[in-house]
$ cat start_16.cif   # mmCIF, C-alpha atoms
data_query
loop_
_atom_site.label_atom_id
_atom_site.label_comp_id
_atom_site.auth_asym_id
_atom_site.auth_seq_id
_atom_site.Cartn_x
_atom_site.Cartn_y
_atom_site.Cartn_z
CA MET A 1 81.04 64.07 84.56
CA LYS A 2 84.55 63.18 85.67
CA PHE A 3 87.02 65.96 86.23
CA PHE A 4 90.27 64.02 86.76
CA SER A 5 90.91 60.33 87.19
CA ALA A 6 93.87 58.24 88.22
CA LYS A 7 93.28 54.53 87.65
CA SER A 8 96.39 53.52 89.56
CA THR A 9 95.10 55.04 92.76
CA GLY A 10 91.37 54.94 92.17
CA ILE A 11 91.13 58.65 92.84
CA ALA A 12 88.77 60.90 90.94
CA LEU A 13 87.54 64.47 91.05
CA PHE A 14 84.08 65.28 89.80
CA ILE A 15 82.28 68.35 88.51
CA GLY A 16 79.06 68.99 90.29
CA PHE A 17 79.64 71.13 93.37
CA SER A 18 77.04 73.87 93.54
CA ALA A 19 77.00 76.56 96.20
CA SER A 20 74.01 78.86 95.75
CA LEU A 21 74.01 81.69 98.26
CA SER A 22 71.01 83.77 99.10
CA VAL A 23 73.02 86.76 97.95
CA SER A 24 73.66 85.33 94.47
CA SER A 25 70.91 87.54 93.09
CA PHE A 26 73.20 90.52 93.66
CA ALA A 27 75.62 89.33 90.96
CA PHE A 28 75.18 90.45 87.38
CA ALA A 29 74.43 87.81 84.76
CA LYS A 30 77.60 87.47 82.68
CA PRO A 31 79.02 84.91 80.26
CA THR A 32 80.80 82.09 82.08
CA LEU A 33 84.57 82.13 81.90
CA SER A 34 85.84 80.08 78.95
CA SER A 35 89.10 78.18 78.71
CA ASP A 36 90.12 79.57 75.31
CA TRP A 37 89.48 83.17 76.32
CA LEU A 38 91.41 82.74 79.56
CA ASP A 39 94.39 81.17 77.75
CA ARG A 40 94.47 84.02 75.23
CA GLN A 41 94.44 86.61 78.00
CA ILE A 42 97.21 84.90 79.95
CA ASN A 43 99.37 84.51 76.84
CA LYS A 44 99.02 88.26 76.14
CA HIS A 45 100.25 89.28 79.58
CA PRO A 46 103.73 90.91 79.45
CA ASP A 47 105.07 88.62 82.18
CA ILE A 48 104.15 85.55 80.13
CA VAL A 49 105.48 87.09 76.92
CA SER A 50 108.78 87.67 78.75
CA ALA A 51 108.79 84.14 80.19
CA ARG A 52 108.11 82.66 76.74
CA GLU A 53 111.03 84.52 75.17
CA LEU A 54 113.34 83.42 77.98
CA MET A 55 112.20 79.84 77.31
CA ASN A 56 112.88 80.30 73.59
CA ALA A 57 116.35 81.61 74.42
CA GLU A 58 117.03 78.44 76.42
CA PHE A 59 115.71 76.40 73.49
CA SER A 60 118.20 78.14 71.19
CA LYS A 61 121.02 77.35 73.59
CA ALA A 62 119.92 73.73 73.70
CA GLN A 63 119.90 73.49 69.90
CA GLY A 64 123.47 74.77 69.84
CA SER A 65 124.58 72.09 72.29
CA LYS A 66 123.54 69.37 69.82
CA LEU A 67 126.01 70.57 67.18
CA PRO A 68 129.58 69.20 66.83
CA LEU A 69 132.11 70.67 69.25
CA TYR A 70 134.91 71.38 66.79
CA ASN A 71 134.94 73.02 63.38
CA PRO A 72 137.65 72.24 60.82
CA GLU A 73 140.41 74.82 60.42
CA LEU A 74 141.77 76.05 57.10
CA SER A 75 145.34 77.31 56.92
CA THR A 76 147.37 78.85 54.07
CA GLY A 77 150.90 80.15 53.76
CA TYR A 78 153.12 81.93 51.26
CA GLU A 79 156.77 82.96 51.28
CA ARG A 80 159.41 84.05 48.78
CA GLU A 81 162.72 82.28 49.04
CA GLY A 82 165.27 83.75 46.62
CA ASP A 83 163.80 83.49 43.18
CA GLY A 84 161.41 80.76 44.25
CA ASN A 85 157.84 80.98 45.58
CA ASN A 86 156.75 78.72 48.41
CA TYR A 87 153.09 78.25 49.28
CA ASN A 88 150.83 75.72 50.95
CA ILE A 89 147.24 75.12 51.94
CA GLY A 90 146.01 72.80 54.63
CA ILE A 91 143.02 71.70 56.65
CA SER A 92 142.94 70.33 60.20
CA GLN A 93 140.27 68.86 62.43
CA THR A 94 140.19 68.30 66.18
CA ILE A 95 138.81 64.84 66.92
CA ASP A 96 136.18 64.40 69.64
CA LEU A 97 137.96 61.34 70.90
CA TRP A 98 135.94 61.00 74.13
CA ASP A 99 132.49 61.70 72.63
CA LYS A 100 132.04 64.92 74.56
CA GLN A 101 129.40 66.04 72.06
CA ALA A 102 127.00 63.30 73.22
CA VAL A 103 127.27 64.56 76.81
CA ASN A 104 126.81 68.14 75.61
CA ALA A 105 123.65 67.08 73.73
CA ALA A 106 122.33 65.50 76.93
CA ILE A 107 122.88 68.83 78.68
CA GLY A 108 120.81 70.49 75.94
CA ASP A 109 117.96 68.01 76.42
CA LYS A 110 117.81 68.81 80.13
CA ILE A 111 117.87 72.54 79.38
CA LEU A 112 114.84 72.02 77.13
CA THR A 113 112.97 70.12 79.82
CA ALA A 114 113.76 72.60 82.59
CA ALA A 115 112.85 75.64 80.48
CA SER A 116 109.59 74.06 79.32
CA LYS A 117 108.47 73.11 82.84
CA GLN A 118 109.44 76.50 84.26
CA PHE A 119 107.34 78.21 81.60
CA THR A 120 104.42 75.86 82.26
CA TYR A 121 104.49 76.75 85.94
CA ALA A 122 104.79 80.48 85.17
CA VAL A 123 101.60 80.21 83.10
CA GLU A 124 99.83 78.29 85.89
CA GLN A 125 100.90 80.90 88.45
CA LYS A 126 99.64 83.78 86.31
CA LYS A 127 96.40 81.91 85.65
CA ALA A 128 95.93 81.34 89.39
CA GLN A 129 96.51 85.05 90.04
CA ALA A 130 93.93 85.97 87.41
CA LEU A 131 91.33 83.53 88.76
CA LYS A 132 91.85 84.75 92.33
CA ALA A 133 91.50 88.34 91.11
CA LEU A 134 88.18 87.46 89.46
CA ILE A 135 87.00 85.80 92.67
CA ASN A 136 87.97 88.83 94.75
CA TRP A 137 86.22 91.12 92.27
CA GLN A 138 83.02 89.05 92.52
CA LEU A 139 83.37 89.08 96.31
CA ALA A 140 83.60 92.88 96.27
CA MET A 141 80.66 93.09 93.85
CA ASP A 142 78.42 90.93 96.05
CA LYS A 143 79.41 92.84 99.19
CA SER A 144 78.76 96.13 97.39
CA SER A 145 75.29 94.97 96.32
CA LEU A 146 74.48 93.86 99.85
CA ALA A 147 75.75 97.13 101.28
CA PHE A 148 73.55 99.15 98.94
CA GLU A 149 70.58 96.96 99.88
CA GLN A 150 71.24 97.66 103.57
CA GLU A 151 71.58 101.35 102.86
CA GLN A 152 68.22 101.40 101.09
CA GLN A 153 66.62 99.42 103.93
CA LEU A 154 67.86 101.92 106.49
CA GLU A 155 66.76 104.91 104.43
CA THR A 156 63.27 103.38 104.09
CA LEU A 157 63.27 102.60 107.81
CA LEU A 158 64.27 106.16 108.60
CA LYS A 159 61.29 107.49 106.65
CA ILE A 160 58.95 105.13 108.50
CA VAL A 161 60.46 106.03 111.89
CA THR A 162 60.19 109.74 111.15
CA LYS A 163 56.56 109.33 110.12
CA ARG A 164 55.69 107.25 113.19
CA GLN A 165 57.55 109.69 115.43
CA LYS A 166 55.37 112.53 114.18
CA ALA A 167 52.34 110.37 114.83
CA GLY A 168 53.56 109.72 118.38
CA ASP A 169 54.13 105.96 117.94
CA LEU A 170 57.93 106.19 118.38
CA GLY A 171 60.26 108.35 120.40
CA GLN A 172 63.28 110.46 119.50
CA VAL A 173 65.69 107.66 120.53
CA ASP A 174 64.40 105.39 117.75
CA ALA A 175 65.08 108.05 115.14
CA GLU A 176 68.57 108.73 116.52
CA LEU A 177 69.44 105.03 116.48
CA THR A 178 68.34 104.78 112.85
CA PHE A 179 70.44 107.85 111.94
CA LEU A 180 73.51 106.33 113.63
CA ASN A 181 73.09 102.99 111.87
CA LEU A 182 72.65 104.71 108.53
CA SER A 183 75.81 106.81 109.03
CA GLN A 184 77.78 103.66 109.88
CA MET A 185 76.39 101.94 106.81
CA LEU A 186 77.45 104.83 104.57
CA ASN A 187 81.01 104.51 105.85
CA LYS A 188 81.02 100.76 105.27
CA THR A 189 79.59 101.20 101.77
CA ALA A 190 82.36 103.68 100.92
CA GLN A 191 85.03 101.21 102.09
CA ILE A 192 83.47 98.38 100.09
CA GLN A 193 83.31 100.56 96.99
CA ALA A 194 87.03 101.35 97.37
CA GLN A 195 87.76 97.61 97.63
CA LEU A 196 85.69 97.01 94.51
CA THR A 197 87.67 99.60 92.56
CA GLN A 198 90.96 98.02 93.63
CA ALA A 199 89.71 94.52 92.80
CA GLN A 200 88.60 95.61 89.35
CA ALA A 201 91.96 97.26 88.66
CA LYS A 202 93.73 94.02 89.58
CA VAL A 203 91.61 91.99 87.17
CA ASN A 204 92.22 94.53 84.39
CA GLU A 205 95.97 94.28 85.00
CA LEU A 206 95.96 90.48 84.73
CA LEU A 207 93.34 90.06 81.97
CA PRO A 208 93.88 92.81 79.35
CA ASP A 209 90.54 92.44 77.52
CA TRP A 210 88.33 91.82 80.55
CA ARG A 211 85.38 94.08 81.28
CA PRO A 212 82.91 93.88 84.22
CA ASP A 213 80.15 92.58 81.93
CA THR A 214 82.25 89.77 80.39
CA GLN A 215 83.77 86.44 81.40
CA ALA A 216 82.56 85.87 84.97
CA TYR A 217 84.16 83.31 87.27
CA PRO A 218 81.85 80.26 87.53
CA GLU A 219 79.51 80.56 90.51
CA GLN A 220 80.04 76.89 91.32
CA GLY A 221 83.84 77.25 91.16
CA LEU A 222 86.02 74.79 89.25
CA GLY A 223 84.06 71.75 90.38
CA VAL A 224 86.40 70.04 92.86
CA THR A 225 84.52 67.78 95.27
CA ASN A 226 87.08 65.06 96.02
CA PHE A 227 90.23 66.40 97.63
CA GLN A 228 92.45 63.33 97.60
CA VAL A 229 95.72 63.66 95.72
CA ALA A 230 96.85 61.22 93.05
CA GLU A 231 100.28 59.83 93.89
CA GLN A 232 101.88 60.87 90.62
CA TRP A 233 100.81 64.52 90.92
CA LEU A 234 103.72 65.38 93.20
CA THR A 235 106.39 63.82 91.00
CA GLN A 236 104.79 65.31 87.86
CA HIS A 237 104.47 68.84 89.25
CA PRO A 238 106.14 71.37 86.88
CA GLN A 239 108.37 72.79 89.62
CA VAL A 240 109.49 69.33 90.68
CA LEU A 241 110.18 68.29 87.08
CA ALA A 242 112.08 71.53 86.40
CA SER A 243 114.32 71.11 89.47
CA GLN A 244 114.87 67.45 88.57
CA ALA A 245 115.91 68.44 85.03
CA LEU A 246 118.30 71.06 86.43
CA TRP A 247 119.85 68.41 88.67
CA GLN A 248 120.28 65.99 85.76
CA MET A 249 121.69 68.82 83.64
CA GLN A 250 124.25 69.58 86.35
CA LYS A 251 125.18 65.89 86.50
CA SER A 252 125.83 65.95 82.76
CA LYS A 253 127.89 69.13 83.18
CA ALA A 254 129.99 67.37 85.81
CA GLN A 255 130.47 64.46 83.41
CA TYR A 256 131.46 66.89 80.66
CA ALA A 257 133.92 68.67 82.95
CA MET A 258 135.55 65.32 83.73
CA LEU A 259 135.91 64.62 80.01
CA GLU A 260 137.49 68.07 79.61
CA THR A 261 140.44 66.80 81.65
CA LYS A 262 141.18 64.50 78.70
CA ALA A 263 142.77 66.14 75.68
CA ASP A 264 141.50 65.77 72.13
CA PRO A 265 144.03 65.37 69.27
CA THR A 266 144.11 67.51 66.13
CA ILE A 267 144.99 65.99 62.75
CA GLY A 268 145.76 68.01 59.67
CA ILE A 269 146.81 67.59 56.08
CA SER A 270 148.40 70.17 53.81
CA ALA A 271 149.71 70.46 50.27
CA GLY A 272 151.81 73.06 48.53
CA LYS A 273 154.83 73.88 46.46
CA ASN A 274 158.40 74.62 47.50
CA ASP A 275 159.89 76.39 44.49
CA VAL A 276 159.47 73.71 41.86
CA ASP A 277 158.87 70.77 44.21
CA ASN A 278 155.45 69.56 45.31
CA VAL A 279 155.04 69.22 49.06
CA VAL A 280 152.49 67.15 51.01
CA GLY A 281 152.35 67.18 54.81
CA VAL A 282 150.48 65.56 57.67
CA THR A 283 150.29 67.12 61.12
CA PHE A 284 149.28 65.79 64.49
CA SER A 285 149.00 67.73 67.75
CA MET A 286 147.84 66.84 71.25
CA PRO A 287 147.43 69.31 74.12
CA LEU A 288 149.48 68.36 77.17
CA ASN A 289 147.39 68.97 80.29
CA ILE A 290 150.44 69.38 82.49
CA ARG A 291 150.36 72.89 83.88
CA ASN A 292 146.55 72.80 84.15
CA ASP A 293 144.83 69.42 84.33
CA TYR A 294 141.33 70.99 84.73
CA GLN A 295 140.59 68.78 87.74
CA ALA A 296 139.57 71.77 89.86
CA ASN A 297 136.77 72.65 87.42
CA ALA A 298 135.63 69.02 87.30
CA LYS A 299 135.51 68.94 91.10
CA ALA A 300 133.52 72.20 91.21
CA GLN A 301 130.98 70.89 88.68
CA ASN A 302 130.55 67.70 90.67
CA GLN A 303 129.92 69.71 93.83
CA GLN A 304 127.34 71.78 91.98
CA ALA A 305 125.63 68.55 90.89
CA ILE A 306 125.42 67.45 94.53
CA ALA A 307 123.91 70.84 95.42
CA ALA A 308 121.40 70.55 92.54
CA GLU A 309 120.31 67.14 93.82
CA ALA A 310 119.77 68.58 97.30
CA ASN A 311 117.76 71.43 95.79
CA PHE A 312 115.60 68.93 93.89
CA ARG A 313 114.91 67.01 97.11
CA SER A 314 114.10 70.30 98.84
CA VAL A 315 111.67 71.41 96.11
CA MET A 316 109.86 68.07 96.17
CA ARG A 317 109.67 68.11 99.97
CA LYS A 318 108.37 71.69 100.00
CA GLN A 319 105.76 70.88 97.36
CA LYS A 320 104.63 67.83 99.31
CA TYR A 321 103.87 69.89 102.40
CA LEU A 322 102.34 72.71 100.35
CA ILE A 323 99.90 70.18 98.93
CA GLN A 324 99.11 68.87 102.41
CA ALA A 325 98.48 72.40 103.70
CA SER A 326 96.34 73.50 100.76
CA THR A 327 94.34 70.25 100.91
CA ALA A 328 93.60 70.82 104.60
CA SER A 329 92.63 74.44 103.88
CA LEU A 330 90.33 73.41 101.03
CA ILE A 331 88.59 70.75 103.11
CA SER A 332 88.13 73.19 106.00
CA ASN A 333 86.70 75.92 103.78
CA LYS A 334 84.35 73.45 102.12
CA LYS A 335 83.12 72.19 105.51
CA TYR A 336 82.33 75.66 106.83
CA LEU A 337 80.73 76.77 103.58
CA ASP A 338 78.46 73.71 103.65
CA ARG A 339 77.64 74.42 107.29
CA TRP A 340 76.78 78.03 106.49
CA GLN A 341 74.52 76.95 103.64
CA GLN A 342 72.66 74.57 105.94
CA LEU A 343 72.19 77.28 108.54
CA MET A 344 71.09 79.98 106.10
CA GLN A 345 68.99 77.85 103.77
CA GLY A 346 65.85 79.89 103.08
CA ARG A 347 66.53 82.21 106.01
CA GLY A 348 68.01 85.16 104.11
CA GLU A 349 64.80 86.75 102.86
CA HIS A 350 62.53 85.04 105.38
CA SER A 351 64.39 86.52 108.34
CA ALA A 352 64.17 90.06 106.93
CA GLN A 353 60.41 89.79 106.46
CA LEU A 354 59.93 88.27 109.91
CA LEU A 355 61.97 90.98 111.62
CA GLN A 356 60.11 93.75 109.83
CA LYS A 357 56.74 92.25 110.77
CA GLN A 358 57.74 91.86 114.43
CA TRP A 359 58.94 95.48 114.56
CA GLN A 360 55.80 96.87 112.89
CA VAL A 361 53.45 95.12 115.33
CA GLY A 362 55.56 96.27 118.29
CA ASP A 363 56.92 92.87 119.37
CA LEU A 364 60.45 94.15 118.66
CA ASN A 365 61.74 97.55 119.68
CA THR A 366 63.73 99.65 117.22
CA SER A 367 67.06 99.07 118.95
CA ASP A 368 66.71 95.28 118.78
CA TYR A 369 65.35 95.50 115.26
CA LEU A 370 68.39 97.44 114.04
CA LEU A 371 70.70 95.03 115.84
CA ALA A 372 68.91 92.06 114.25
CA LEU A 373 69.19 93.63 110.78
CA GLN A 374 72.90 94.15 111.33
CA GLN A 375 73.36 90.54 112.45
CA ARG A 376 71.43 89.30 109.41
CA ALA A 377 73.67 91.36 107.12
CA GLU A 378 76.81 90.05 108.85
CA GLY A 379 75.54 86.53 108.27
CA LEU A 380 75.13 87.23 104.56
CA TYR A 381 78.56 88.88 104.40
CA ALA A 382 80.00 85.77 106.05
CA GLY A 383 78.44 83.59 103.35
CA ILE A 384 79.86 85.76 100.57
CA GLU A 385 83.32 85.58 102.13
CA LEU A 386 83.11 81.83 102.80
CA GLN A 387 82.24 81.14 99.19
CA ALA A 388 85.12 83.33 97.99
CA GLN A 389 87.53 81.65 100.42
CA PHE A 390 86.49 78.24 99.16
CA LYS A 391 86.99 79.24 95.52
CA ILE A 392 90.40 80.78 96.25
CA SER A 393 91.52 77.71 98.20
CA GLU A 394 90.26 75.54 95.32
CA VAL A 395 92.42 77.47 92.83
CA GLN A 396 95.42 77.31 95.18
CA TRP A 397 94.97 73.56 95.65
CA LEU A 398 94.87 72.95 91.91
CA LEU A 399 98.00 75.08 91.51
CA ASP A 400 99.82 73.19 94.27
CA VAL A 401 98.98 69.77 92.80
CA GLY A 402 99.88 70.99 89.31
CA GLN A 403 96.42 70.43 87.82
CA LEU A 404 95.17 74.00 87.29
CA ASN A 405 95.68 73.97 83.51
CA ALA A 406 93.81 70.68 83.27
CA ALA A 407 90.96 72.04 85.40
CA THR A 408 90.51 75.24 83.40
CA LYS A 409 90.39 73.25 80.15
CA LEU A 410 86.89 72.14 81.25
CA LEU A 411 85.55 75.69 81.48
CA ASN A 412 82.83 76.49 78.95
#

$ encode --input "start_16.cif" --output "structure tokens"
Amino acid sequence: MKFFSAKSTGIALFIGFSASLSVSSFAFAKPTLSSDWLDRQINKHPDIVSARELMNAEFSKAQGSKLPLYNPELSTGYEREGDGNNYNIGISQTIDLWDKQAVNAAIGDKILTAASKQFTYAVEQKKAQALKALINWQLAMDKSSLAFEQEQQLETLLKIVTKRQKAGDLGQVDAELTFLNLSQMLNKTAQIQAQLTQAQAKVNELLPDWRPDTQAYPEQGLGVTNFQVAEQWLTQHPQVLASQALWQMQKSKAQYAMLETKADPTIGISAGKNDVDNVVGVTFSMPLNIRNDYQANAKAQNQQAIAAEANFRSVMRKQKYLIQASTASLISNKKYLDRWQQLMQGRGEHSAQLLQKQWQVGDLNTSDYLLALQQRAEGLYAGIELQAQFKISEVQWLLDVGQLNAATKLLN
């Protein structure tokens, strides 16, 4: 089943990567992470609630920019002149002679775009943090299970060594070596348990309703197997689009500031009574931009537009190299994970049984046996960590190319 496709470049990502480790039996069976559940959790996070309200505030500002610039003004007057009463009422309206409102509306459109893209990226970032936290929690869980298995192996071995020592088959050195290895294993297990507690706390902070027996990260990851990047992904990245919108908004602000150097006239009409005579009047006023021609502000806005363009180029350049780096990291992690799987295929349990048999028949002394068990465990730890590194780099890659939301939509 296709994951993403880009007809213009012939690039596609497919679901189907499966990395089954010999330590996968240590993980608890839990429901697979679902897209709807993940979206609900992310939307409930206080950081996203705050980001959404900030976006809504920008939306409100943008709506205001689409309204007319000038309101009509109502004026009234009354005076007593001798025995006569004079009064009048009038209305005036400033005319948007240079169509400044159209430029102001364009500014509002760019505010909408920038705010929307910034919120989209904030959601993607929070989602990436949550997925990485789930991966790290599963990593700690698998390492904890393996550590407990080692601990049990050593305790069983200690009983056997003690029994054989009493029977005269083994010496005191064998028992001491087993004691030392067990004490080291207890220390390592304690450290791993502390890491597990911290990892679980991080997941709980990012996913409010998550519990250890619910919503597990998919064992196969998010299904990326083709690591080429579609050409349009860079230009359509939320951060790039947001910075581009901010640049275009600043250009419109510079245009508006230039129009502000041109004065708008005000026309009014009034009617009233002067004693017994009816009075009708027409007024016209035009600001004279003599003492302040507002050119300094127009120049400043233009300079800010130039700076915004440079920032847009910088963001796009930075994102380009971030994508290159995360792609290289993902490919490297995939290569070494595949290599580990080839090396360890079927050897996890087989090696343990072989080592135990060789030790029991005396072909392997206790010191070498303990060393071999430690090396086997380190190999399994390496596999756990390689799989976690691949999954984390996969999430980071999808975030960097701006496709994480699309990828998580395929979760069941």

$ closest_residue --input "start_16.cif" --among "A:Ala194, A:Glu124, A:Ala114, A:Ile160" --to "A:Trp137" --atoms "only C-alpha atoms"
A:Ala194

$ residues_around --input "start_16.cif" --residues "A:Tyr121" --least-positions-apart "6" --cutoff "12 Å" --atoms "all atoms listed in the file" --output "VMD selection string"
chain A and resid 48 51 to 52 55 114 to 115 127 to 128 236 to 243 398 to 405

$ write_last_selection --input "start_16.cif" --atoms "C-alpha atoms" --output "mmCIF file, keeping the file's coordinate frame"
data_model
loop_
_atom_site.group_PDB
_atom_site.id
_atom_site.type_symbol
_atom_site.label_atom_id
_atom_site.label_comp_id
_atom_site.auth_asym_id
_atom_site.auth_seq_id
_atom_site.Cartn_x
_atom_site.Cartn_y
_atom_site.Cartn_z
ATOM 1 C CA ILE A 48 104.150 85.550 80.130
ATOM 2 C CA ALA A 51 108.790 84.140 80.190
ATOM 3 C CA ARG A 52 108.110 82.660 76.740
ATOM 4 C CA MET A 55 112.200 79.840 77.310
ATOM 5 C CA ALA A 114 113.760 72.600 82.590
ATOM 6 C CA ALA A 115 112.850 75.640 80.480
ATOM 7 C CA LYS A 127 96.400 81.910 85.650
ATOM 8 C CA ALA A 128 95.930 81.340 89.390
ATOM 9 C CA GLN A 236 104.790 65.310 87.860
ATOM 10 C CA HIS A 237 104.470 68.840 89.250
ATOM 11 C CA PRO A 238 106.140 71.370 86.880
ATOM 12 C CA GLN A 239 108.370 72.790 89.620
ATOM 13 C CA VAL A 240 109.490 69.330 90.680
ATOM 14 C CA LEU A 241 110.180 68.290 87.080
ATOM 15 C CA ALA A 242 112.080 71.530 86.400
ATOM 16 C CA SER A 243 114.320 71.110 89.470
ATOM 17 C CA LEU A 398 94.870 72.950 91.910
ATOM 18 C CA LEU A 399 98.000 75.080 91.510
ATOM 19 C CA ASP A 400 99.820 73.190 94.270
ATOM 20 C CA VAL A 401 98.980 69.770 92.800
ATOM 21 C CA GLY A 402 99.880 70.990 89.310
ATOM 22 C CA GLN A 403 96.420 70.430 87.820
ATOM 23 C CA LEU A 404 95.170 74.000 87.290
ATOM 24 C CA ASN A 405 95.680 73.970 83.510
#

$ closest_residue --input "start_16.cif" --among "A:Phe312, A:Trp247, A:Tyr217, A:Phe284" --to "A:Leu131" --atoms "all atoms listed in the file"
A:Tyr217

$ residues_around --input "start_16.cif" --residues "A:Ile89" --least-positions-apart "6" --cutoff "6 Å" --atoms "all atoms listed in the file" --output "PyMOL selection string"
chain A and resi 75-76+270-271

$ write_last_selection --input "start_16.cif" --atoms "C-alpha atoms" --output "short mmCIF file (atom, residue, chain, number, x, y, z; two decimals), keeping the file's coordinate frame"
data_model
loop_
_atom_site.label_atom_id
_atom_site.label_comp_id
_atom_site.auth_asym_id
_atom_site.auth_seq_id
_atom_site.Cartn_x
_atom_site.Cartn_y
_atom_site.Cartn_z
CA SER A 75 145.34 77.31 56.92
CA THR A 76 147.37 78.85 54.07
CA SER A 270 148.40 70.17 53.81
CA ALA A 271 149.71 70.46 50.27
#

$ residues_around --input "start_16.cif" --residues "stretch 199-209 of chain A" --least-positions-apart "2" --cutoff "7 Å" --atoms "all atoms listed in the file" --output "list of chain:residue names"
A:Gln41, A:Ile42, A:His45, A:Ala130, A:Ala133, A:Leu134, A:Asn136, A:Trp137, A:Gln195, A:Leu196, A:Thr197, A:Arg211

$ atom_distance --input "start_16.cif" --atom1 "atom CA of A:Ile107" --atom2 "atom CA of A:Lys299"
17.7 Å

$ atom_distance --input "start_16.cif" --atom1 "atom CA of A:Gln118" --atom2 "atom CA of A:Pro218"
28.0 Å

$ atom_distance --input "start_16.cif" --atom1 "atom CA of A:Ala147" --atom2 "atom CA of A:Tyr336"
23.1 Å
